[in-house]
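Participant: My structure is below; once you've seen it, I'll send some questions.
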Amino acid sequence: MNLFSSFDPSSNWNTSLNWMSTLICLIFIPSMFWIIPSRLNLIWIKIIYILHKEFKILLGPTSKGGTLIFVSLFSFILINNFLGLFPYVFTSTSHMVMTLSLALPLWMSFMLFGWINNTIHMFAHLVPQGTPPILMPFMVCIETISNIIRPGTLAIRLSANMIAGHLLMTLLGNTGSSLSIMMINLLVIVQLLLIVLETAVSIIQSYVFAVLSTLYSSEVN
């Protein structure tokens with residue numbers, strides 16, 4: 001058994017049915033259409049409203065409906081991160097296939113929009129204000145490389161954070177069979193604390209992904 005086999009997107013029938021975990025959230029959507037909203041629904045609406053106001057400040061007053069993309073992105077990543085914390089549910093956001101397919105099209109669309117509509121503005125971004133003339137060629141190279149690796153850093157940050165916590169929990173869980181009763185009690189407490197930490201990480205990483213995408217889009221305007 002490979003340590004990373006828990007992250008393989010395959011089920012017992014040798015099919016990639018585990019990718020269906022990204023659609024499990026559809027089960028929870030019908031509850032949104034009840035006449036009297038639940039407390040969970042009200043909390044979710046409140047969170048979305050706060051995010052909308054924050055993203056609107058980052059995007060500027062000229063953007064119309066731009067926050068909808070990033071709030072939806074935050075919601076999608078958050079739901080998938082949360083679902084991955086349940087036993088026997090495949091964590092799709094721990095795979096580069098999922099994270100890159102979110103980050104790469106966003107970054108590519110920002111770059112195309114920026115270079116086609118605001119070419120001078122994009123060239124100005126390559127040289128930070130106050131750079132000495134002798135350092136300008138180096139700064140252009142550094143800024144270009146940092147711009148190109150942005151989708152990679154977005155994707156790797158999300159997937160690495162999801163894998164790290166799950167791997168630690170798997171490693172600790174596999175040692176349970178060879179421990180004494182006292183140590184097993186300690187292990188259960190540690191695992192519970194790790195689950196709380198992973199819950200916080202899943203919220204933070206989805207927020208970071210959405211905020212950085214918003215900042216990248218605001219740079220091209």
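Ordered as shown in the structure tokens, chains take letters A, B, and onward, while each chain numbers its residues from 1 and ligands are numbered from 1 in the order shown.
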Residues of segment 80-172 of chain A that have any atom at most 10 Å from an atom of segment 185-199 of chain A: could you tabulate them with the shortest-distance atom pair and the distance in Å to one decimal, using only C-alpha atoms, ordered by chain and increasing number, as a tab-separated table?

Facilitator:
```
residue	atom	partner	partner_atom	distance
A:Asn81	CA	A:Thr199	CA	8.2
A:Phe82	CA	A:Thr199	CA	6.9
A:Gly84	CA	A:Glu198	CA	9.9
A:Leu85	CA	A:Ile195	CA	7.5
A:Phe86	CA	A:Ile195	CA	9.9
A:Asn161	CA	A:Glu198	CA	9.0
A:Met162	CA	A:Glu198	CA	8.0
A:Ala164	CA	A:Glu198	CA	9.5
A:Gly165	CA	A:Glu198	CA	6.3
A:His166	CA	A:Glu198	CA	8.1
A:Leu168	CA	A:Leu194	CA	8.6
A:Met169	CA	A:Gln191	CA	6.5
A:Thr170	CA	A:Gln191	CA	9.6
A:Leu172	CA	A:Leu187	CA	7.4
```

Participant: Can you tell me which residues surround Leu106 of chain A at a distance of at most 10 Å, considering only C-alpha atoms, apart from same-chain residues fewer than 5 positions away, and format the answer as a PDB file with N, CA, C and O atoms, in the first residue's frame?

Facilitator:
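Contents of the output file around.pdb:
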```pdb
ATOM      1  N   ILE A  69     -18.315  35.993  -9.634  1.00  0.00           N
ATOM      2  CA  ILE A  69     -17.371  34.939 -10.020  1.00  0.00           C
ATOM      3  C   ILE A  69     -16.562  34.481  -8.810  1.00  0.00           C
ATOM      4  O   ILE A  69     -16.411  33.289  -8.555  1.00  0.00           O
ATOM      5  N   LEU A 100      -5.546  23.350 -10.766  1.00  0.00           N
ATOM      6  CA  LEU A 100      -5.025  24.031 -11.962  1.00  0.00           C
ATOM      7  C   LEU A 100      -6.144  24.402 -12.925  1.00  0.00           C
ATOM      8  O   LEU A 100      -6.079  25.439 -13.581  1.00  0.00           O
ATOM      9  N   SER A 101      -7.184  23.550 -13.011  1.00  0.00           N
ATOM     10  CA  SER A 101      -8.310  23.860 -13.891  1.00  0.00           C
ATOM     11  C   SER A 101      -9.125  25.054 -13.381  1.00  0.00           C
ATOM     12  O   SER A 101      -9.907  25.641 -14.128  1.00  0.00           O
ATOM     13  N   MET A 111      -4.924  37.827 -18.115  1.00  0.00           N
ATOM     14  CA  MET A 111      -3.785  38.255 -18.937  1.00  0.00           C
ATOM     15  C   MET A 111      -4.248  38.708 -20.318  1.00  0.00           C
ATOM     16  O   MET A 111      -3.810  39.746 -20.828  1.00  0.00           O
ATOM     17  N   PRO A 151      -0.509  31.144 -11.607  1.00  0.00           N
ATOM     18  CA  PRO A 151      -1.490  30.040 -11.548  1.00  0.00           C
ATOM     19  C   PRO A 151      -0.933  28.807 -10.861  1.00  0.00           C
ATOM     20  O   PRO A 151      -1.656  28.101 -10.154  1.00  0.00           O
ATOM     21  N   SER A 213      -7.131  35.703  -6.455  1.00  0.00           N
ATOM     22  CA  SER A 213      -7.716  35.816  -7.804  1.00  0.00           C
ATOM     23  C   SER A 213      -8.311  37.204  -8.022  1.00  0.00           C
ATOM     24  O   SER A 213      -8.166  37.789  -9.101  1.00  0.00           O
ATOM     25  N   THR A 214      -8.953  37.738  -6.987  1.00  0.00           N
ATOM     26  CA  THR A 214      -9.519  39.095  -7.071  1.00  0.00           C
ATOM     27  C   THR A 214      -8.421  40.141  -7.242  1.00  0.00           C
ATOM     28  O   THR A 214      -8.556  41.056  -8.055  1.00  0.00           O
ATOM     29  N   TYR A 216      -5.420  39.664  -8.519  1.00  0.00           N
ATOM     30  CA  TYR A 216      -4.833  39.537  -9.851  1.00  0.00           C
ATOM     31  C   TYR A 216      -5.711  40.186 -10.916  1.00  0.00           C
ATOM     32  O   TYR A 216      -5.212  40.768 -11.868  1.00  0.00           O
ATOM     33  N   SER A 217      -7.027  40.059 -10.740  1.00  0.00           N
ATOM     34  CA  SER A 217      -7.936  40.666 -11.721  1.00  0.00           C
ATOM     35  C   SER A 217      -7.952  42.186 -11.603  1.00  0.00           C
ATOM     36  O   SER A 217      -8.098  42.894 -12.597  1.00  0.00           O
TER      37      SER A 217
END
```

Participant: Could you check which of A:Phe123, A:Trp115, A:Trp107, A:Trp34 is closest to Leu215 of chain A, using only C-alpha atoms?

Facilitator: A:Trp107

Participant: Would you mind reading off the distance between atom CA of Ser75 of chain A and atom CA of Ser63 of chain A, one decimal, in Å?

Facilitator: 20.1 Å

Participant: Could you pull the residues within 9 Å of Ser94 of chain A, counting only C-alpha atoms, minus those fewer than 3 positions along the same chain, as number ranges by chain?

Facilitator: A: 7, 81, 84, 90-91, 97-99, 158-163

Participant: Write the selection just made, keeping all heavy atoms, as an mmCIF file, in the first residue's frame?

Facilitator:
```cif
data_model
loop_
_atom_site.group_PDB
_atom_site.id
_atom_site.type_symbol
_atom_site.label_atom_id
_atom_site.label_comp_id
_atom_site.auth_asym_id
_atom_site.auth_seq_id
_atom_site.Cartn_x
_atom_site.Cartn_y
_atom_site.Cartn_z
ATOM 1 N N PHE A 7 -5.347 9.262 -1.827
ATOM 2 C CA PHE A 7 -5.662 10.400 -2.701
ATOM 3 C C PHE A 7 -5.908 9.966 -4.145
ATOM 4 O O PHE A 7 -6.058 10.808 -5.019
ATOM 5 C CB PHE A 7 -4.521 11.427 -2.668
ATOM 6 C CG PHE A 7 -4.289 12.004 -1.299
ATOM 7 C CD1 PHE A 7 -3.254 11.569 -0.509
ATOM 8 C CD2 PHE A 7 -5.137 12.982 -0.797
ATOM 9 C CE1 PHE A 7 -3.050 12.082 0.750
ATOM 10 C CE2 PHE A 7 -4.945 13.509 0.464
ATOM 11 C CZ PHE A 7 -3.904 13.064 1.246
ATOM 12 N N ASN A 81 -13.574 21.411 0.012
ATOM 13 C CA ASN A 81 -12.636 21.218 1.124
ATOM 14 C C ASN A 81 -13.337 20.589 2.330
ATOM 15 O O ASN A 81 -12.787 19.711 2.990
ATOM 16 C CB ASN A 81 -12.011 22.550 1.542
ATOM 17 C CG ASN A 81 -11.031 23.081 0.513
ATOM 18 O OD1 ASN A 81 -10.712 22.405 -0.450
ATOM 19 N ND2 ASN A 81 -10.559 24.290 0.725
ATOM 20 N N GLY A 84 -14.227 16.897 1.850
ATOM 21 C CA GLY A 84 -13.048 16.040 1.972
ATOM 22 C C GLY A 84 -12.730 15.652 3.400
ATOM 23 O O GLY A 84 -11.957 14.717 3.633
ATOM 24 N N PHE A 90 -13.871 11.543 -1.249
ATOM 25 C CA PHE A 90 -12.666 11.924 -1.993
ATOM 26 C C PHE A 90 -12.488 13.447 -1.978
ATOM 27 O O PHE A 90 -13.422 14.193 -2.273
ATOM 28 C CB PHE A 90 -12.792 11.409 -3.426
ATOM 29 C CG PHE A 90 -11.716 11.882 -4.352
ATOM 30 C CD1 PHE A 90 -10.399 11.498 -4.134
ATOM 31 C CD2 PHE A 90 -12.010 12.684 -5.435
ATOM 32 C CE1 PHE A 90 -9.407 11.913 -4.996
ATOM 33 C CE2 PHE A 90 -11.024 13.102 -6.294
ATOM 34 C CZ PHE A 90 -9.721 12.720 -6.076
ATOM 35 N N THR A 91 -11.269 13.905 -1.637
ATOM 36 C CA THR A 91 -10.974 15.345 -1.603
ATOM 37 C C THR A 91 -10.480 15.777 -2.977
ATOM 38 O O THR A 91 -9.313 15.587 -3.316
ATOM 39 C CB THR A 91 -9.894 15.654 -0.538
ATOM 40 O OG1 THR A 91 -10.200 14.949 0.655
ATOM 41 C CG2 THR A 91 -9.822 17.132 -0.251
ATOM 42 N N VAL A 97 -5.150 18.492 -10.834
ATOM 43 C CA VAL A 97 -6.084 18.541 -11.969
ATOM 44 C C VAL A 97 -7.216 19.526 -11.665
ATOM 45 O O VAL A 97 -7.596 20.337 -12.511
ATOM 46 C CB VAL A 97 -6.669 17.137 -12.252
ATOM 47 C CG1 VAL A 97 -7.726 17.195 -13.337
ATOM 48 C CG2 VAL A 97 -5.569 16.179 -12.646
ATOM 49 N N MET A 98 -7.728 19.461 -10.454
ATOM 50 C CA MET A 98 -8.835 20.342 -10.049
ATOM 51 C C MET A 98 -8.350 21.772 -9.824
ATOM 52 O O MET A 98 -8.931 22.726 -10.331
ATOM 53 C CB MET A 98 -9.491 19.793 -8.782
ATOM 54 C CG MET A 98 -10.513 20.694 -8.135
ATOM 55 S SD MET A 98 -11.956 20.993 -9.170
ATOM 56 C CE MET A 98 -12.792 19.438 -8.989
ATOM 57 N N THR A 99 -7.271 21.934 -9.052
ATOM 58 C CA THR A 99 -6.818 23.283 -8.680
ATOM 59 C C THR A 99 -6.276 24.054 -9.879
ATOM 60 O O THR A 99 -6.521 25.252 -10.010
ATOM 61 C CB THR A 99 -5.755 23.205 -7.575
ATOM 62 O OG1 THR A 99 -4.719 22.322 -7.972
ATOM 63 C CG2 THR A 99 -6.352 22.713 -6.272
ATOM 64 N N LEU A 158 -3.162 25.451 -2.702
ATOM 65 C CA LEU A 158 -4.426 24.826 -2.291
ATOM 66 C C LEU A 158 -4.269 23.312 -2.142
ATOM 67 O O LEU A 158 -4.638 22.746 -1.105
ATOM 68 C CB LEU A 158 -5.517 25.158 -3.315
ATOM 69 C CG LEU A 158 -6.903 24.577 -3.063
ATOM 70 C CD1 LEU A 158 -7.453 25.016 -1.719
ATOM 71 C CD2 LEU A 158 -7.863 24.978 -4.173
ATOM 72 N N SER A 159 -3.700 22.666 -3.160
ATOM 73 C CA SER A 159 -3.599 21.198 -3.120
ATOM 74 C C SER A 159 -2.620 20.728 -2.042
ATOM 75 O O SER A 159 -2.882 19.736 -1.351
ATOM 76 C CB SER A 159 -3.177 20.649 -4.486
ATOM 77 O OG SER A 159 -1.949 21.211 -4.882
ATOM 78 N N ALA A 160 -1.501 21.443 -1.863
ATOM 79 C CA ALA A 160 -0.508 21.043 -0.849
ATOM 80 C C ALA A 160 -1.075 21.167 0.559
ATOM 81 O O ALA A 160 -0.839 20.304 1.409
ATOM 82 C CB ALA A 160 0.747 21.895 -0.993
ATOM 83 N N ASN A 161 -1.831 22.227 0.820
ATOM 84 C CA ASN A 161 -2.430 22.401 2.146
ATOM 85 C C ASN A 161 -3.477 21.334 2.426
ATOM 86 O O ASN A 161 -3.621 20.883 3.567
ATOM 87 C CB ASN A 161 -3.063 23.792 2.270
ATOM 88 C CG ASN A 161 -2.052 24.838 2.665
ATOM 89 O OD1 ASN A 161 -1.608 24.896 3.800
ATOM 90 N ND2 ASN A 161 -1.651 25.660 1.715
ATOM 91 N N MET A 162 -4.224 20.936 1.394
ATOM 92 C CA MET A 162 -5.223 19.890 1.582
ATOM 93 C C MET A 162 -4.561 18.522 1.820
ATOM 94 O O MET A 162 -4.980 17.755 2.678
ATOM 95 C CB MET A 162 -6.144 19.803 0.351
ATOM 96 C CG MET A 162 -7.111 20.965 0.217
ATOM 97 S SD MET A 162 -8.263 21.077 1.600
ATOM 98 C CE MET A 162 -7.590 22.439 2.517
ATOM 99 N N ILE A 163 -3.488 18.240 1.073
ATOM 100 C CA ILE A 163 -2.801 16.951 1.196
ATOM 101 C C ILE A 163 -2.094 16.840 2.548
ATOM 102 O O ILE A 163 -2.137 15.800 3.197
ATOM 103 C CB ILE A 163 -1.789 16.767 0.035
ATOM 104 C CG1 ILE A 163 -2.530 16.413 -1.257
ATOM 105 C CG2 ILE A 163 -0.781 15.667 0.351
ATOM 106 C CD1 ILE A 163 -1.653 16.311 -2.469
#
```

Participant: To one decimal place, how far is atom CA of Ile77 of chain A from atom CA of Ser206 of chain A in Å?

Facilitator: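 Going from atom CA of Ile77 of chain A over to atom CA of Ser206 of chain A, I get 5.5 Å.
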
Participant: Check the smallest atom-to-atom distance from each of A:Ser21, A:Asn147, A:Thr131, A:Ser92 to Glu219 of chain A using only C-alpha atoms, then report the winner.

Facilitator: A:Asn147

Participant: Would you work out the distance separating atom CA of Leu73 of chain A from atom CA of Tyr207 of chain A, expressed in Å to one decimal?

Facilitator: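 Calculated distance between atom CA of Leu73 of chain A and atom CA of Tyr207 of chain A is 9.2 Å.
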